[in-house]
>>> print(open('final-v6.cif').read())   # mmCIF, N, CA and C atoms and all ligand atoms
data_model
loop_
_atom_site.label_atom_id
_atom_site.label_comp_id
_atom_site.auth_asym_id
_atom_site.auth_seq_id
_atom_site.Cartn_x
_atom_site.Cartn_y
_atom_site.Cartn_z
N MET A 1003 2.55 7.91 23.23
CA MET A 1003 3.45 8.05 22.10
C MET A 1003 4.26 6.77 21.95
N ASN A 1004 4.43 6.31 20.72
CA ASN A 1004 5.22 5.11 20.47
C ASN A 1004 6.68 5.34 20.84
N GLU A 1005 7.34 4.24 21.23
CA GLU A 1005 8.77 4.34 21.54
C GLU A 1005 9.59 4.47 20.25
N ARG A 1006 9.15 3.73 19.22
CA ARG A 1006 9.83 3.76 17.93
C ARG A 1006 8.81 4.01 16.81
N CYS A 1007 9.27 4.51 15.70
CA CYS A 1007 8.42 4.69 14.53
C CYS A 1007 8.08 3.31 13.97
N PRO A 1008 6.78 3.00 13.79
CA PRO A 1008 6.41 1.70 13.25
C PRO A 1008 6.87 1.51 11.80
N ALA A 1009 7.14 2.56 11.08
CA ALA A 1009 7.53 2.44 9.67
C ALA A 1009 9.04 2.27 9.51
N CYS A 1010 9.84 3.12 10.15
CA CYS A 1010 11.29 3.09 9.91
C CYS A 1010 12.08 2.67 11.15
N GLY A 1011 11.44 2.59 12.33
CA GLY A 1011 12.13 2.10 13.52
C GLY A 1011 12.96 3.13 14.26
N ILE A 1012 12.89 4.38 13.86
CA ILE A 1012 13.68 5.42 14.53
C ILE A 1012 13.18 5.59 15.97
N VAL A 1013 14.11 5.76 16.92
CA VAL A 1013 13.75 5.95 18.32
C VAL A 1013 13.35 7.41 18.52
N PHE A 1014 12.13 7.64 19.07
CA PHE A 1014 11.64 9.02 19.21
C PHE A 1014 12.36 9.75 20.34
N GLU A 1015 12.45 9.15 21.52
CA GLU A 1015 13.11 9.81 22.65
C GLU A 1015 14.50 9.22 22.78
N ARG A 1016 15.49 9.90 22.25
CA ARG A 1016 16.84 9.35 22.16
C ARG A 1016 17.53 9.25 23.51
N GLU A 1017 17.19 10.15 24.43
CA GLU A 1017 17.84 10.17 25.74
C GLU A 1017 16.90 10.85 26.73
N PRO A 1018 17.13 10.67 28.06
CA PRO A 1018 16.30 11.37 29.03
C PRO A 1018 16.41 12.88 28.85
N GLY A 1019 15.28 13.56 28.93
CA GLY A 1019 15.28 15.01 28.75
C GLY A 1019 15.34 15.45 27.32
N TYR A 1020 15.10 14.51 26.42
CA TYR A 1020 15.24 14.80 24.99
C TYR A 1020 14.28 15.89 24.52
N TRP A 1021 13.07 15.92 25.10
CA TRP A 1021 12.05 16.85 24.62
C TRP A 1021 12.22 18.27 25.13
N THR A 1022 13.27 18.55 25.89
CA THR A 1022 13.54 19.92 26.34
C THR A 1022 13.75 20.84 25.14
N GLY A 1023 14.40 20.33 24.13
CA GLY A 1023 14.59 21.12 22.91
C GLY A 1023 13.27 21.43 22.23
N ALA A 1024 12.32 20.46 22.30
CA ALA A 1024 11.00 20.68 21.71
C ALA A 1024 10.25 21.76 22.47
N MET A 1025 10.51 21.87 23.77
CA MET A 1025 9.86 22.93 24.56
C MET A 1025 10.32 24.30 24.08
N VAL A 1026 11.58 24.42 23.72
CA VAL A 1026 12.10 25.70 23.22
C VAL A 1026 11.43 26.02 21.88
N VAL A 1027 11.33 25.01 21.01
CA VAL A 1027 10.66 25.20 19.72
C VAL A 1027 9.20 25.59 19.95
N SER A 1028 8.55 24.92 20.89
CA SER A 1028 7.15 25.21 21.20
C SER A 1028 6.99 26.65 21.68
N TYR A 1029 7.89 27.08 22.53
CA TYR A 1029 7.85 28.45 23.04
C TYR A 1029 7.97 29.45 21.89
N LEU A 1030 8.92 29.23 21.00
CA LEU A 1030 9.13 30.15 19.89
C LEU A 1030 7.91 30.19 18.96
N LEU A 1031 7.34 29.01 18.66
CA LEU A 1031 6.14 28.95 17.83
C LEU A 1031 4.96 29.66 18.50
N SER A 1032 4.82 29.43 19.81
CA SER A 1032 3.71 30.03 20.56
C SER A 1032 3.80 31.54 20.59
N VAL A 1033 4.98 32.06 20.88
CA VAL A 1033 5.16 33.52 20.92
C VAL A 1033 4.88 34.12 19.55
N ALA A 1034 5.38 33.49 18.50
CA ALA A 1034 5.16 34.02 17.15
C ALA A 1034 3.68 34.01 16.79
N LEU A 1035 2.98 32.91 17.09
CA LEU A 1035 1.56 32.80 16.77
C LEU A 1035 0.74 33.80 17.58
N TYR A 1036 1.00 33.86 18.89
CA TYR A 1036 0.20 34.76 19.74
C TYR A 1036 0.43 36.22 19.35
N LEU A 1037 1.67 36.55 19.02
CA LEU A 1037 1.97 37.90 18.59
C LEU A 1037 1.25 38.23 17.28
N ALA A 1038 1.28 37.29 16.33
CA ALA A 1038 0.62 37.51 15.04
C ALA A 1038 -0.90 37.66 15.24
N LEU A 1039 -1.49 36.78 16.06
CA LEU A 1039 -2.93 36.86 16.32
C LEU A 1039 -3.29 38.17 17.01
N SER A 1040 -2.48 38.57 17.98
CA SER A 1040 -2.75 39.81 18.72
C SER A 1040 -2.67 41.03 17.81
N LEU A 1041 -1.65 41.05 16.97
CA LEU A 1041 -1.49 42.19 16.05
C LEU A 1041 -2.65 42.24 15.06
N LEU A 1042 -3.05 41.08 14.56
CA LEU A 1042 -4.17 41.02 13.62
C LEU A 1042 -5.45 41.50 14.27
N LEU A 1043 -5.71 41.03 15.50
CA LEU A 1043 -6.94 41.42 16.18
C LEU A 1043 -6.89 42.87 16.67
N TRP A 1044 -5.70 43.35 16.97
CA TRP A 1044 -5.54 44.77 17.30
C TRP A 1044 -5.93 45.61 16.08
N TRP A 1045 -5.44 45.18 14.92
CA TRP A 1045 -5.74 45.89 13.67
C TRP A 1045 -7.25 45.83 13.36
N VAL A 1046 -7.87 44.67 13.60
CA VAL A 1046 -9.30 44.50 13.30
C VAL A 1046 -10.17 45.29 14.28
N THR A 1047 -9.87 45.18 15.60
CA THR A 1047 -10.72 45.80 16.60
C THR A 1047 -10.35 47.25 16.88
N GLY A 1048 -9.08 47.60 16.70
CA GLY A 1048 -8.62 48.95 17.01
C GLY A 1048 -8.27 49.15 18.47
N HIS A 1049 -8.32 48.07 19.28
CA HIS A 1049 -7.99 48.14 20.70
C HIS A 1049 -6.93 47.09 21.03
N VAL A 1050 -5.83 47.51 21.65
CA VAL A 1050 -4.74 46.58 21.99
C VAL A 1050 -5.22 45.52 22.97
N GLU A 1051 -5.87 45.96 24.05
CA GLU A 1051 -6.30 45.03 25.11
C GLU A 1051 -7.30 44.01 24.58
N LEU A 1052 -8.22 44.47 23.74
CA LEU A 1052 -9.22 43.56 23.17
C LEU A 1052 -8.56 42.54 22.25
N GLY A 1053 -7.59 42.99 21.47
CA GLY A 1053 -6.85 42.07 20.59
C GLY A 1053 -6.12 41.01 21.38
N LEU A 1054 -5.44 41.43 22.48
CA LEU A 1054 -4.72 40.48 23.33
C LEU A 1054 -5.66 39.47 23.97
N LEU A 1055 -6.84 39.95 24.37
CA LEU A 1055 -7.82 39.09 25.04
C LEU A 1055 -8.45 38.09 24.07
N ILE A 1056 -8.88 38.56 22.93
CA ILE A 1056 -9.55 37.68 21.97
C ILE A 1056 -8.56 36.68 21.37
N ALA A 1057 -7.30 37.05 21.25
CA ALA A 1057 -6.28 36.16 20.67
C ALA A 1057 -6.09 34.89 21.47
N VAL A 1058 -6.49 34.90 22.74
CA VAL A 1058 -6.34 33.71 23.59
C VAL A 1058 -7.14 32.53 23.04
N VAL A 1059 -8.33 32.81 22.51
CA VAL A 1059 -9.23 31.73 22.05
C VAL A 1059 -8.62 30.95 20.88
N PRO A 1060 -8.25 31.60 19.76
CA PRO A 1060 -7.65 30.81 18.68
C PRO A 1060 -6.28 30.25 19.06
N PHE A 1061 -5.57 30.94 19.95
CA PHE A 1061 -4.27 30.42 20.38
C PHE A 1061 -4.43 29.10 21.13
N LEU A 1062 -5.40 29.04 22.07
CA LEU A 1062 -5.61 27.81 22.83
C LEU A 1062 -6.05 26.67 21.91
N ALA A 1063 -6.80 27.00 20.87
CA ALA A 1063 -7.20 25.96 19.91
C ALA A 1063 -5.99 25.41 19.16
N ALA A 1064 -4.95 26.23 18.99
CA ALA A 1064 -3.76 25.81 18.25
C ALA A 1064 -2.72 25.11 19.12
N VAL A 1065 -2.90 25.10 20.43
CA VAL A 1065 -1.88 24.52 21.32
C VAL A 1065 -1.59 23.04 21.02
N PRO A 1066 -2.60 22.17 20.80
CA PRO A 1066 -2.27 20.78 20.48
C PRO A 1066 -1.45 20.65 19.19
N VAL A 1067 -1.72 21.49 18.22
CA VAL A 1067 -0.97 21.46 16.96
C VAL A 1067 0.47 21.91 17.21
N ILE A 1068 0.63 22.97 18.00
CA ILE A 1068 1.97 23.47 18.33
C ILE A 1068 2.76 22.41 19.06
N PHE A 1069 2.10 21.71 20.00
CA PHE A 1069 2.75 20.66 20.78
C PHE A 1069 3.31 19.58 19.85
N ARG A 1070 2.49 19.09 18.93
CA ARG A 1070 2.93 18.03 18.00
C ARG A 1070 4.04 18.51 17.08
N TYR A 1071 3.81 19.67 16.44
CA TYR A 1071 4.78 20.13 15.44
C TYR A 1071 6.09 20.59 16.08
N SER A 1072 6.06 21.04 17.32
CA SER A 1072 7.33 21.41 17.97
C SER A 1072 8.20 20.16 18.15
N ARG A 1073 7.57 19.02 18.46
CA ARG A 1073 8.34 17.77 18.57
C ARG A 1073 8.88 17.34 17.21
N VAL A 1074 8.04 17.47 16.18
CA VAL A 1074 8.48 17.09 14.83
C VAL A 1074 9.65 17.97 14.39
N ILE A 1075 9.51 19.29 14.58
CA ILE A 1075 10.58 20.22 14.17
C ILE A 1075 11.85 19.93 14.97
N TRP A 1076 11.70 19.68 16.29
CA TRP A 1076 12.86 19.39 17.12
C TRP A 1076 13.57 18.11 16.66
N MET A 1077 12.79 17.06 16.36
CA MET A 1077 13.40 15.81 15.91
C MET A 1077 14.15 16.00 14.59
N HIS A 1078 13.55 16.74 13.66
CA HIS A 1078 14.23 16.99 12.38
C HIS A 1078 15.52 17.77 12.61
N LEU A 1079 15.44 18.80 13.45
CA LEU A 1079 16.63 19.61 13.73
C LEU A 1079 17.71 18.76 14.39
N ASP A 1080 17.30 17.96 15.39
CA ASP A 1080 18.27 17.14 16.13
C ASP A 1080 18.89 16.07 15.24
N HIS A 1081 18.07 15.42 14.42
CA HIS A 1081 18.60 14.36 13.56
C HIS A 1081 19.42 14.91 12.40
N THR A 1082 19.19 16.17 12.06
CA THR A 1082 20.03 16.81 11.03
C THR A 1082 21.40 17.14 11.60
N LEU A 1083 21.41 17.67 12.85
CA LEU A 1083 22.67 18.08 13.46
C LEU A 1083 23.46 16.88 14.03
N ASP A 1084 22.73 15.83 14.48
CA ASP A 1084 23.38 14.69 15.12
C ASP A 1084 22.70 13.40 14.64
N PRO A 1085 22.99 12.97 13.41
CA PRO A 1085 22.32 11.80 12.85
C PRO A 1085 22.70 10.51 13.57
N GLU A 1086 21.77 9.53 13.57
CA GLU A 1086 22.05 8.23 14.20
C GLU A 1086 23.04 7.47 13.32
N ARG A 1087 23.90 6.70 13.98
CA ARG A 1087 24.90 5.92 13.24
C ARG A 1087 24.46 4.49 13.12
ZN ZN A 1101 9.58 6.71 10.56
#
>>> encode(input="final-v6.cif", output="structure tokens", more="lines below")
Ligand SMILES: [Zn+2]
Amino acid sequence: MNERCPACGIVFEREPGYWTGAMVVSYLLSVALYLALSLLLWWVTGHVELGLLIAVVPFLAAVPVIFRYSRVIWMHLDHTLDPER
């Protein structure tokens, strides 16, 4: 990952431990997605356990996307609440 944005120069990791907030965002996104997938597959298959099991496959495919977007969402939230001077 770049240290700064090549377009606008914003520093991505503002301080040590900066991405801890992104981990919280990632957790929330992951729980919401896995729950939605499980409920959908429960509805489709008619079995709770089967829905929970099959939901792992599309969830794991979405993990790289969740990882990236959790950082993006965290940076937007952080820069909105505490803008650089
Ligand atoms: Zn930029």
>>> closest_residue(input="final-v6.cif", among="A:His1049, A:Arg1016, A:Arg1006, A:Arg1070", to="ligand ZN 1101 (chain A)", atoms="only N, CA and C atoms and all ligand atoms")
A:Arg1006
>>> residues_near_ligand(input="final-v6.cif", ligand="ligand ZN 1101 (chain A)", cutoff="6 Å", atoms="all atoms listed in the file", output="PDB file with N, CA and C atoms, keeping the file's coordinate frame")
ATOM      1  N   CYS A1007       9.270   4.510  15.700  1.00  0.00           N
ATOM      2  CA  CYS A1007       8.420   4.690  14.530  1.00  0.00           C
ATOM      3  C   CYS A1007       8.080   3.310  13.970  1.00  0.00           C
ATOM      4  N   PRO A1008       6.780   3.000  13.790  1.00  0.00           N
ATOM      5  CA  PRO A1008       6.410   1.700  13.250  1.00  0.00           C
ATOM      6  C   PRO A1008       6.870   1.510  11.800  1.00  0.00           C
ATOM      7  N   ALA A1009       7.140   2.560  11.080  1.00  0.00           N
ATOM      8  CA  ALA A1009       7.530   2.440   9.670  1.00  0.00           C
ATOM      9  C   ALA A1009       9.040   2.270   9.510  1.00  0.00           C
ATOM     10  N   CYS A1010       9.840   3.120  10.150  1.00  0.00           N
ATOM     11  CA  CYS A1010      11.290   3.090   9.910  1.00  0.00           C
ATOM     12  C   CYS A1010      12.080   2.670  11.150  1.00  0.00           C
ATOM     13  N   GLY A1011      11.440   2.590  12.330  1.00  0.00           N
ATOM     14  CA  GLY A1011      12.130   2.100  13.520  1.00  0.00           C
ATOM     15  C   GLY A1011      12.960   3.130  14.260  1.00  0.00           C
ATOM     16  N   ILE A1012      12.890   4.380  13.860  1.00  0.00           N
ATOM     17  CA  ILE A1012      13.680   5.420  14.530  1.00  0.00           C
ATOM     18  C   ILE A1012      13.180   5.590  15.970  1.00  0.00           C
TER      19      ILE A1012
END
>>> atom_distance(input="final-v6.cif", atom1="atom C of Val1027 (chain A)", atom2="atom N of Met1077 (chain A)")
9.9 Å
>>> closest_residue(input="final-v6.cif", among="A:Met1003, A:Val1074, A:Leu1031, A:Ala1057", to="Leu1043 (chain A)", atoms="only N, CA and C atoms")
A:Ala1057
>>> closest_residue(input="final-v6.cif", among="A:Trp1045, A:Tyr1071, A:Trp1076, A:Tyr1036", to="Val1058 (chain A)", atoms="only N, CA and C atoms")
A:Tyr1036
>>> atom_distance(input="final-v6.cif", atom1="CA of His1081 (chain A)", atom2="atom C of Val1013 (chain A)")
10.0 Å
>>> atom_distance(input="final-v6.cif", atom1="CA of Leu1041 (chain A)", atom2="CA of Phe1061 (chain A)")
12.8 Å
>>> closest_residue(input="final-v6.cif", among="A:Pro1018, A:Arg1087, A:Ser1028, A:Leu1042", to="Ile1068 (chain A)", atoms="all atoms listed in the file")
A:Ser1028
>>> select_by_dssp(input="final-v6.cif", residues="chain A", states="alpha helix (DSSP H)", output="ChimeraX atom specification")
/A:1022-1047,1050-1056,1058-1083
>>> closest_residue(input="final-v6.cif", among="A:Leu1079, A:Ile1056, A:Val1067, A:Ala1024", to="Leu1039 (chain A)", atoms="all atoms listed in the file")
A:Ile1056
>>> axis_aligned_box(input="final-v6.cif", around="region 1024-1038 of chain A", padding_each_side="6 Å", output="AutoDock Vina command-line options")
--center_x 5.7 --center_y 29.3 --center_z 19.8 --size_x 25.2 --size_y 29.8 --size_z 21.5
>>> decode(input="final-v6.cif", residues="region 1051-1072 of chain A", atoms="N, CA and C atoms", output="short mmCIF file (atom, residue, chain, number, x, y, z; two decimals), in the first residue's frame")
data_model
loop_
_atom_site.label_atom_id
_atom_site.label_comp_id
_atom_site.auth_asym_id
_atom_site.auth_seq_id
_atom_site.Cartn_x
_atom_site.Cartn_y
_atom_site.Cartn_z
N GLU A 1051 -28.62 -25.06 9.02
CA GLU A 1051 -27.22 -25.50 9.00
C GLU A 1051 -26.64 -25.45 7.59
N LEU A 1052 -27.43 -25.86 6.61
CA LEU A 1052 -26.98 -25.85 5.22
C LEU A 1052 -26.75 -24.41 4.75
N GLY A 1053 -27.64 -23.51 5.13
CA GLY A 1053 -27.48 -22.09 4.78
C GLY A 1053 -26.21 -21.52 5.36
N LEU A 1054 -25.95 -21.83 6.66
CA LEU A 1054 -24.73 -21.33 7.31
C LEU A 1054 -23.48 -21.88 6.65
N LEU A 1055 -23.54 -23.15 6.25
CA LEU A 1055 -22.38 -23.80 5.63
C LEU A 1055 -22.10 -23.27 4.22
N ILE A 1056 -23.13 -23.18 3.42
CA ILE A 1056 -22.94 -22.73 2.03
C ILE A 1056 -22.57 -21.25 1.99
N ALA A 1057 -23.02 -20.46 2.95
CA ALA A 1057 -22.72 -19.02 2.97
C ALA A 1057 -21.24 -18.73 3.11
N VAL A 1058 -20.47 -19.71 3.59
CA VAL A 1058 -19.02 -19.51 3.76
C VAL A 1058 -18.35 -19.24 2.41
N VAL A 1059 -18.80 -19.92 1.36
CA VAL A 1059 -18.14 -19.81 0.05
C VAL A 1059 -18.25 -18.39 -0.53
N PRO A 1060 -19.46 -17.83 -0.69
CA PRO A 1060 -19.51 -16.46 -1.21
C PRO A 1060 -18.93 -15.44 -0.24
N PHE A 1061 -19.01 -15.74 1.06
CA PHE A 1061 -18.43 -14.81 2.03
C PHE A 1061 -16.91 -14.72 1.87
N LEU A 1062 -16.25 -15.88 1.73
CA LEU A 1062 -14.79 -15.87 1.57
C LEU A 1062 -14.38 -15.17 0.28
N ALA A 1063 -15.21 -15.29 -0.75
CA ALA A 1063 -14.92 -14.58 -2.01
C ALA A 1063 -15.00 -13.07 -1.81
N ALA A 1064 -15.83 -12.62 -0.87
CA ALA A 1064 -16.03 -11.19 -0.64
C ALA A 1064 -15.03 -10.60 0.35
N VAL A 1065 -14.22 -11.42 1.01
CA VAL A 1065 -13.31 -10.92 2.04
C VAL A 1065 -12.32 -9.87 1.51
N PRO A 1066 -11.68 -10.07 0.33
CA PRO A 1066 -10.77 -9.02 -0.16
C PRO A 1066 -11.49 -7.69 -0.40
N VAL A 1067 -12.72 -7.75 -0.86
CA VAL A 1067 -13.49 -6.52 -1.10
C VAL A 1067 -13.81 -5.85 0.24
N ILE A 1068 -14.21 -6.64 1.22
CA ILE A 1068 -14.51 -6.10 2.55
C ILE A 1068 -13.28 -5.45 3.15
N PHE A 1069 -12.11 -6.11 2.98
CA PHE A 1069 -10.86 -5.57 3.51
C PHE A 1069 -10.58 -4.18 2.93
N ARG A 1070 -10.68 -4.04 1.62
CA ARG A 1070 -10.40 -2.75 0.97
C ARG A 1070 -11.41 -1.69 1.38
N TYR A 1071 -12.71 -2.04 1.27
CA TYR A 1071 -13.73 -1.03 1.53
C TYR A 1071 -13.82 -0.66 3.00
N SER A 1072 -13.45 -1.55 3.91
CA SER A 1072 -13.45 -1.17 5.32
C SER A 1072 -12.41 -0.08 5.57
#
